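Report on the structure given below.
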Amino acid sequence: MKRLFLALMLLAAVVRADAPESVYQLDATLTNQSGERHHLDKHLGHPVLVTMFYGSCPMACPLLIDTMRSIERTVAPAERAKMRFLLISIDPDRDTVAKLNELATSRKLDTSRWTLARTDETSVRKIAAVLGIQYRKLPDGGYNHSSIVTLLSPDGTIAYQSSVLGTADPELLAALQRQP
Amino acid sequence: MRKLMLALLLATSAANAAAAEQSATTVIPGGKFESVLPPAPGVKEVSLKPFQLDRRPVTNAQFATFLKTQPQWRRDKIAHIFADDQYLSHWQSPAEPRKEDLQRPVVNVSWFAATAYCESRGARLPTWYEWEYVAAASNTARDGRDDPAWRQQILNWYSRSGRDALPTVGSTPANFYGIQDLHGVIWEWVEDASGMLVSSDNREQGDPNVMRFCGEGALTMEQKENYATLMRIAMLSSMKARYTGGAMGFRCATGGRDGK
């Protein structure tokens with residue numbers, strides 16, 4: 001226990017949310033699939049795969065989840081335990097907590113490591129901006145949005161961005177291996 | 001000493017009066033119009049709810065007042081992810097614009113900083129459709145885009161040399177709605193600047209293997225003769241949210257958003 005405490009202290013000393021390029025400097029509050037509110041930097045200290053999606057998306061968004069799952073499956077168990085997966089909805093009107101919860105259940109996501117989250121419209125814009133994700137609402141209620149999986153370093157700095165869908169991008173896996 | 005106090009008091013009240021005057025807004029009635037960016041293939045019209053828009057762009061003086069209460073947006077304090085190195089580089093110090101710039105539109109501001117400013121007023125940036133809708137008006141008509149004389153006037157404004165000093169705000173005639181400086185002074189940030197997707201979407205049209213964008217619709221630009229507006233779209237979609245530009249400013253809006 002004492003050793004764990006020491007390790008945590010060391011981690012806290014090394015990993016800071018105010019690293020110059022950390023996206024965690026953005027002040028944004030998310031609500032997860034269980035209705036719990038937390039700051040964008042909830043997974044500070046972990047390598048995080050983050051993407052933006054909308055629940056009613058017919059094609060690329062299910063594929064985004066598949067892509068993140070194949071990365072999860074590909075990495076070694078020790079690395080997997082450290083990793084966190086964050087999906088932020090760009091559709092706050094329709095992606096309610098209940099909808100997110102339903103999606104987490106139907107896709108059998110392990111919520112100890114996976115978070116489906118929603119936030120207000122303004123925060124969606126800002127998060128998309130720091131992640132370099134473009135989106136646009138369509139008249140039918142759907143969205144055009146860039147399908148990018150971003151790897152965040154433990155301090156929240158963008159380590160790699162991949163637009164490879166369907167399989168685990170080898171470049172992203174390599175970047176993941178370089179994470180502390 | 002008493003004279004100094006008095007002078008300061010006078011200066012403050014004058015500055016406050018100026019700030020209040022320039023953030024005056026005008027109600028823009030809702031309506032329908034054809035954008036140069038159709039919302040989806042086959043959908044021509046865009047519907048807008050009524051909203052309020054600043055009559056003039058935000059000035060250096062107004063931005064300086066904002067920095068007093070939110071100093072984290074000063075150029076010496078701002079986080080690197082929220083602005084590039086050119087941010088407010090035309091100011092004489094991190095807290096002060098040059099005197100001659102006070103009533104000129106604030107430029108060299110990033111989307112993040114512009115958004116924060118508007119939020120401090122309980123407002124937001126206008127959406128692209130809101131901006132385009134209001135900018136379609138001539139001095140006399142709600143939609144002046146088919147008026148050759150108006151179109152020529154706009155092009156004349158755009159051909160102004162980029163080396164000239166920016167005019168002070170309110171230097172162009174009010175349009176149909178009473179809004180000034182939409183053309184011929186600065187480029188302006190909009191809330192959804194990064195979502196215009198023009199080049200990316202067109203480039204990837206018809207290539208199902210490269211699915212960087214989720215969604216069925218590809219945007220196409222219409223009204224190719226509407227050169228000045230298309231230039232703006234090209235400009236905005238090339239900017240990242242942390243970028244700044246020497247002629248890139250903004251104004252704020254409140255009220256109904258489009259697309260709902």
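All residue names refer to the structure tokens as shown: chains lettered A, B, ... in order, residues numbered from 1 in each chain, ligands numbered from 1 in order.
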
Handout entry: All residues 7 Å or closer to range 77-94 of chain A, only C-alpha atoms, same chain fewer than 2 positions away omitted, as number ranges by chain
Key = A: 43, 46-54, 72, 75, 96, 113-121, 124

Write a file of the selected residues as a PDB file, in the first residue's frame, keeping C-alpha atoms.
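Writing the result to selection-v1.pdb gives the following:
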ATOM      1  CA  HIS A  43      -8.056  10.049 -17.231  1.00  0.00           C
ATOM      2  CA  HIS A  46      -3.360   7.267 -18.511  1.00  0.00           C
ATOM      3  CA  PRO A  47      -2.849   6.972 -22.242  1.00  0.00           C
ATOM      4  CA  VAL A  48      -6.301   7.747 -23.654  1.00  0.00           C
ATOM      5  CA  LEU A  49      -7.852   6.964 -27.019  1.00  0.00           C
ATOM      6  CA  VAL A  50     -10.424   9.630 -27.683  1.00  0.00           C
ATOM      7  CA  THR A  51     -12.865  10.171 -30.517  1.00  0.00           C
ATOM      8  CA  MET A  52     -16.065  12.073 -31.208  1.00  0.00           C
ATOM      9  CA  PHE A  53     -19.195  10.375 -32.503  1.00  0.00           C
ATOM     10  CA  TYR A  54     -22.977  10.475 -32.442  1.00  0.00           C
ATOM     11  CA  GLU A  72      -7.638  -2.629 -27.256  1.00  0.00           C
ATOM     12  CA  VAL A  75      -2.053  -4.386 -27.159  1.00  0.00           C
ATOM     13  CA  THR A  96     -28.848  11.456 -23.500  1.00  0.00           C
ATOM     14  CA  ARG A 113     -11.948   1.549 -19.094  1.00  0.00           C
ATOM     15  CA  TRP A 114     -14.508   2.880 -21.593  1.00  0.00           C
ATOM     16  CA  THR A 115     -16.388   6.134 -21.157  1.00  0.00           C
ATOM     17  CA  LEU A 116     -19.220   7.355 -23.371  1.00  0.00           C
ATOM     18  CA  ALA A 117     -19.796  11.008 -22.606  1.00  0.00           C
ATOM     19  CA  ARG A 118     -21.959  13.955 -23.496  1.00  0.00           C
ATOM     20  CA  THR A 119     -21.597  17.677 -22.856  1.00  0.00           C
ATOM     21  CA  ASP A 120     -23.204  20.987 -23.850  1.00  0.00           C
ATOM     22  CA  GLU A 121     -23.123  22.304 -27.412  1.00  0.00           C
ATOM     23  CA  VAL A 124     -18.589  20.081 -27.975  1.00  0.00           C
TER      24      VAL A 124
END

Handout entry: Residues near Tyr133 in chain B, cut-off 9 Å, only C-alpha atoms, skip fewer than 2 positions along chain, as a list in words
Key = Gly31, Lys32, Phe33, Glu34, Ser35, Leu48, Trp128, Tyr129, Glu130, Trp131, Ala135, Ala136, Ala137, Arg142 and Asp143 of chain B

Selected residues written out, C-alpha atoms, as a PDB file, in the first residue's frame:
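To be explicit, this is the file written out as selection-v6.pdb:
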ATOM      1  CA  GLY B  31     -36.202  33.744 -42.214  1.00  0.00           C
ATOM      2  CA  LYS B  32     -35.178  31.495 -45.045  1.00  0.00           C
ATOM      3  CA  PHE B  33     -32.429  32.015 -47.568  1.00  0.00           C
ATOM      4  CA  GLU B  34     -30.277  30.150 -50.044  1.00  0.00           C
ATOM      5  CA  SER B  35     -26.743  29.818 -48.768  1.00  0.00           C
ATOM      6  CA  LEU B  48     -32.907  30.811 -39.292  1.00  0.00           C
ATOM      7  CA  TRP B 128     -21.789  30.807 -40.553  1.00  0.00           C
ATOM      8  CA  TYR B 129     -25.395  30.801 -41.802  1.00  0.00           C
ATOM      9  CA  GLU B 130     -26.311  33.686 -39.508  1.00  0.00           C
ATOM     10  CA  TRP B 131     -23.315  35.656 -40.700  1.00  0.00           C
ATOM     11  CA  ALA B 135     -24.107  39.796 -45.007  1.00  0.00           C
ATOM     12  CA  ALA B 136     -26.386  39.049 -47.969  1.00  0.00           C
ATOM     13  CA  ALA B 137     -28.201  42.320 -47.280  1.00  0.00           C
ATOM     14  CA  ARG B 142     -32.744  42.136 -47.405  1.00  0.00           C
ATOM     15  CA  ASP B 143     -30.937  40.162 -50.103  1.00  0.00           C
TER      16      ASP B 143
END

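Using only C-alpha atoms for every distance, the candidate list A:Gly156, A:Pro20, A:Pro62, A:Pro139 yields A:Pro20 as the residue closest to Phe82 in chain B.
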
Problem - Interface, chain A side, toward chain B (9 Å; only C-alpha atoms) as number ranges by chain - result: A: 18, 20-23, 25-26, 53, 57-61, 122, 125-126, 128-130, 132-148, 163-165

Handout entry: All alpha helix (DSSP H) positions in range 29-118 of chain B, as a list of chain:residue names
Key = B:Asn60, B:Ala61, B:Gln62, B:Phe63, B:Ala64, B:Thr65, B:Phe66, B:Leu67, B:Lys68, B:Thr69, B:Trp111, B:Phe112, B:Ala113, B:Ala114, B:Thr115, B:Ala116, B:Tyr117, B:Cys118

Using only N, CA and C atoms, please write the residues we just selected to a file, as a tab-separated table (two decimals), in the first residue's frame.
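Final output, part-v6.tsv:
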chain	number	residue	atom	x	y	z
B	60	ASN	N	-10.50	46.75	-30.16
B	60	ASN	CA	-9.36	46.53	-29.27
B	60	ASN	C	-9.68	47.03	-27.86
B	61	ALA	N	-10.37	48.18	-27.77
B	61	ALA	CA	-10.72	48.73	-26.45
B	61	ALA	C	-11.61	47.76	-25.68
B	62	GLN	N	-12.61	47.22	-26.36
B	62	GLN	CA	-13.51	46.27	-25.70
B	62	GLN	C	-12.78	45.00	-25.28
B	63	PHE	N	-11.87	44.55	-26.13
B	63	PHE	CA	-11.14	43.32	-25.80
B	63	PHE	C	-10.22	43.56	-24.61
B	64	ALA	N	-9.65	44.77	-24.53
B	64	ALA	CA	-8.77	45.10	-23.40
B	64	ALA	C	-9.56	45.08	-22.09
B	65	THR	N	-10.80	45.56	-22.14
B	65	THR	CA	-11.65	45.55	-20.94
B	65	THR	C	-11.92	44.11	-20.50
B	66	PHE	N	-12.17	43.24	-21.47
B	66	PHE	CA	-12.41	41.81	-21.19
B	66	PHE	C	-11.18	41.18	-20.51
B	67	LEU	N	-9.97	41.56	-20.99
B	67	LEU	CA	-8.75	40.96	-20.43
B	67	LEU	C	-8.52	41.36	-18.97
B	68	LYS	N	-9.11	42.48	-18.56
B	68	LYS	CA	-8.96	42.88	-17.15
B	68	LYS	C	-9.63	41.88	-16.23
B	69	THR	N	-10.78	41.35	-16.67
B	69	THR	CA	-11.47	40.39	-15.80
B	69	THR	C	-11.03	38.95	-16.10
B	111	TRP	N	-9.95	31.69	-32.50
B	111	TRP	CA	-11.37	31.31	-32.31
B	111	TRP	C	-11.65	31.09	-30.82
B	112	PHE	N	-10.70	30.49	-30.12
B	112	PHE	CA	-10.90	30.23	-28.69
B	112	PHE	C	-11.08	31.54	-27.91
B	113	ALA	N	-10.23	32.52	-28.23
B	113	ALA	CA	-10.29	33.80	-27.51
B	113	ALA	C	-11.56	34.56	-27.87
B	114	ALA	N	-11.93	34.52	-29.15
B	114	ALA	CA	-13.16	35.20	-29.59
B	114	ALA	C	-14.36	34.57	-28.89
B	115	THR	N	-14.37	33.26	-28.81
B	115	THR	CA	-15.45	32.53	-28.14
B	115	THR	C	-15.52	32.93	-26.67
B	116	ALA	N	-14.37	33.00	-26.01
B	116	ALA	CA	-14.32	33.35	-24.58
B	116	ALA	C	-14.84	34.77	-24.36
B	117	TYR	N	-14.46	35.68	-25.27
B	117	TYR	CA	-14.95	37.06	-25.15
B	117	TYR	C	-16.47	37.10	-25.20
B	118	CYS	N	-17.03	36.45	-26.23
B	118	CYS	CA	-18.49	36.47	-26.38
B	118	CYS	C	-19.16	35.82	-25.16

Exercise for the section: Looking only at strand (DSSP E) from DSSP on the backbone, list the matching residues of range 24-196 of chain B as a list in words. Expected result: Thr25, Thr26, Val27, Ile28, Gly31, Lys32, Phe33, Glu34, Glu45, Val46, Ser47, Leu48, Phe51, Gln52, Leu53, Asp54, Trp187 and Glu188 of chain B

Exercise for the section: Determine, counting only C-alpha atoms, which protein, DNA and RNA residues have an atom within 9 Å of an atom of Gln161 in chain A; residues of the same chain fewer than 5 positions away are not included. Present the result as a PyMOL selection string. Expected result: chain A and resi 131+148-152+172

Any chance you can output those residues with C-alpha atoms as a PDB file, in the first residue's frame?
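Below you can see again08.pdb, which holds the result:
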ATOM      1  CA  LEU A 131      -8.752  17.744 -31.126  1.00  0.00           C
ATOM      2  CA  ILE A 148     -10.285  10.428 -36.235  1.00  0.00           C
ATOM      3  CA  VAL A 149      -8.980   8.424 -33.301  1.00  0.00           C
ATOM      4  CA  THR A 150      -6.633  10.513 -31.163  1.00  0.00           C
ATOM      5  CA  LEU A 151      -4.069   9.091 -28.759  1.00  0.00           C
ATOM      6  CA  LEU A 152      -3.523  11.373 -25.762  1.00  0.00           C
ATOM      7  CA  LEU A 172      -0.887   4.443 -33.597  1.00  0.00           C
TER       8      LEU A 172
END

Exercise for the section: Skip range 168-172 of chain B itself and residues of its chain fewer than 6 positions away, then list as a PyMOL selection string all residues within 10 Å of it, counting only C-alpha atoms. Expected result: chain B and resi 22+55-59+100-106+157+179-186

Problem - Val190 in chain B surroundings by only C-alpha atoms, 7 Å radius, close-in-sequence under 5 positions cut, as a list in words - result: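 The filter keeps Leu125, Pro126, Thr127 and Trp128 of chain B.
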
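Interatomic distance, CA of Gln33 in chain A to CA of Arg107 in chain A: 12.8 Å.
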
Practice task
Counting only C-alpha atoms, figure out which residue out of B:Ala165, B:Ala228, B:Met239, B:Ala234 gets nearest to Gln152 in chain B.
Solution key: B:Ala228

Handout entry: Minimum-distance residue to Ala83 in chain B, chosen among B:Val109, B:Ala95, B:Val134, B:Cys252 (using only C-alpha atoms)
Key = B:Val109
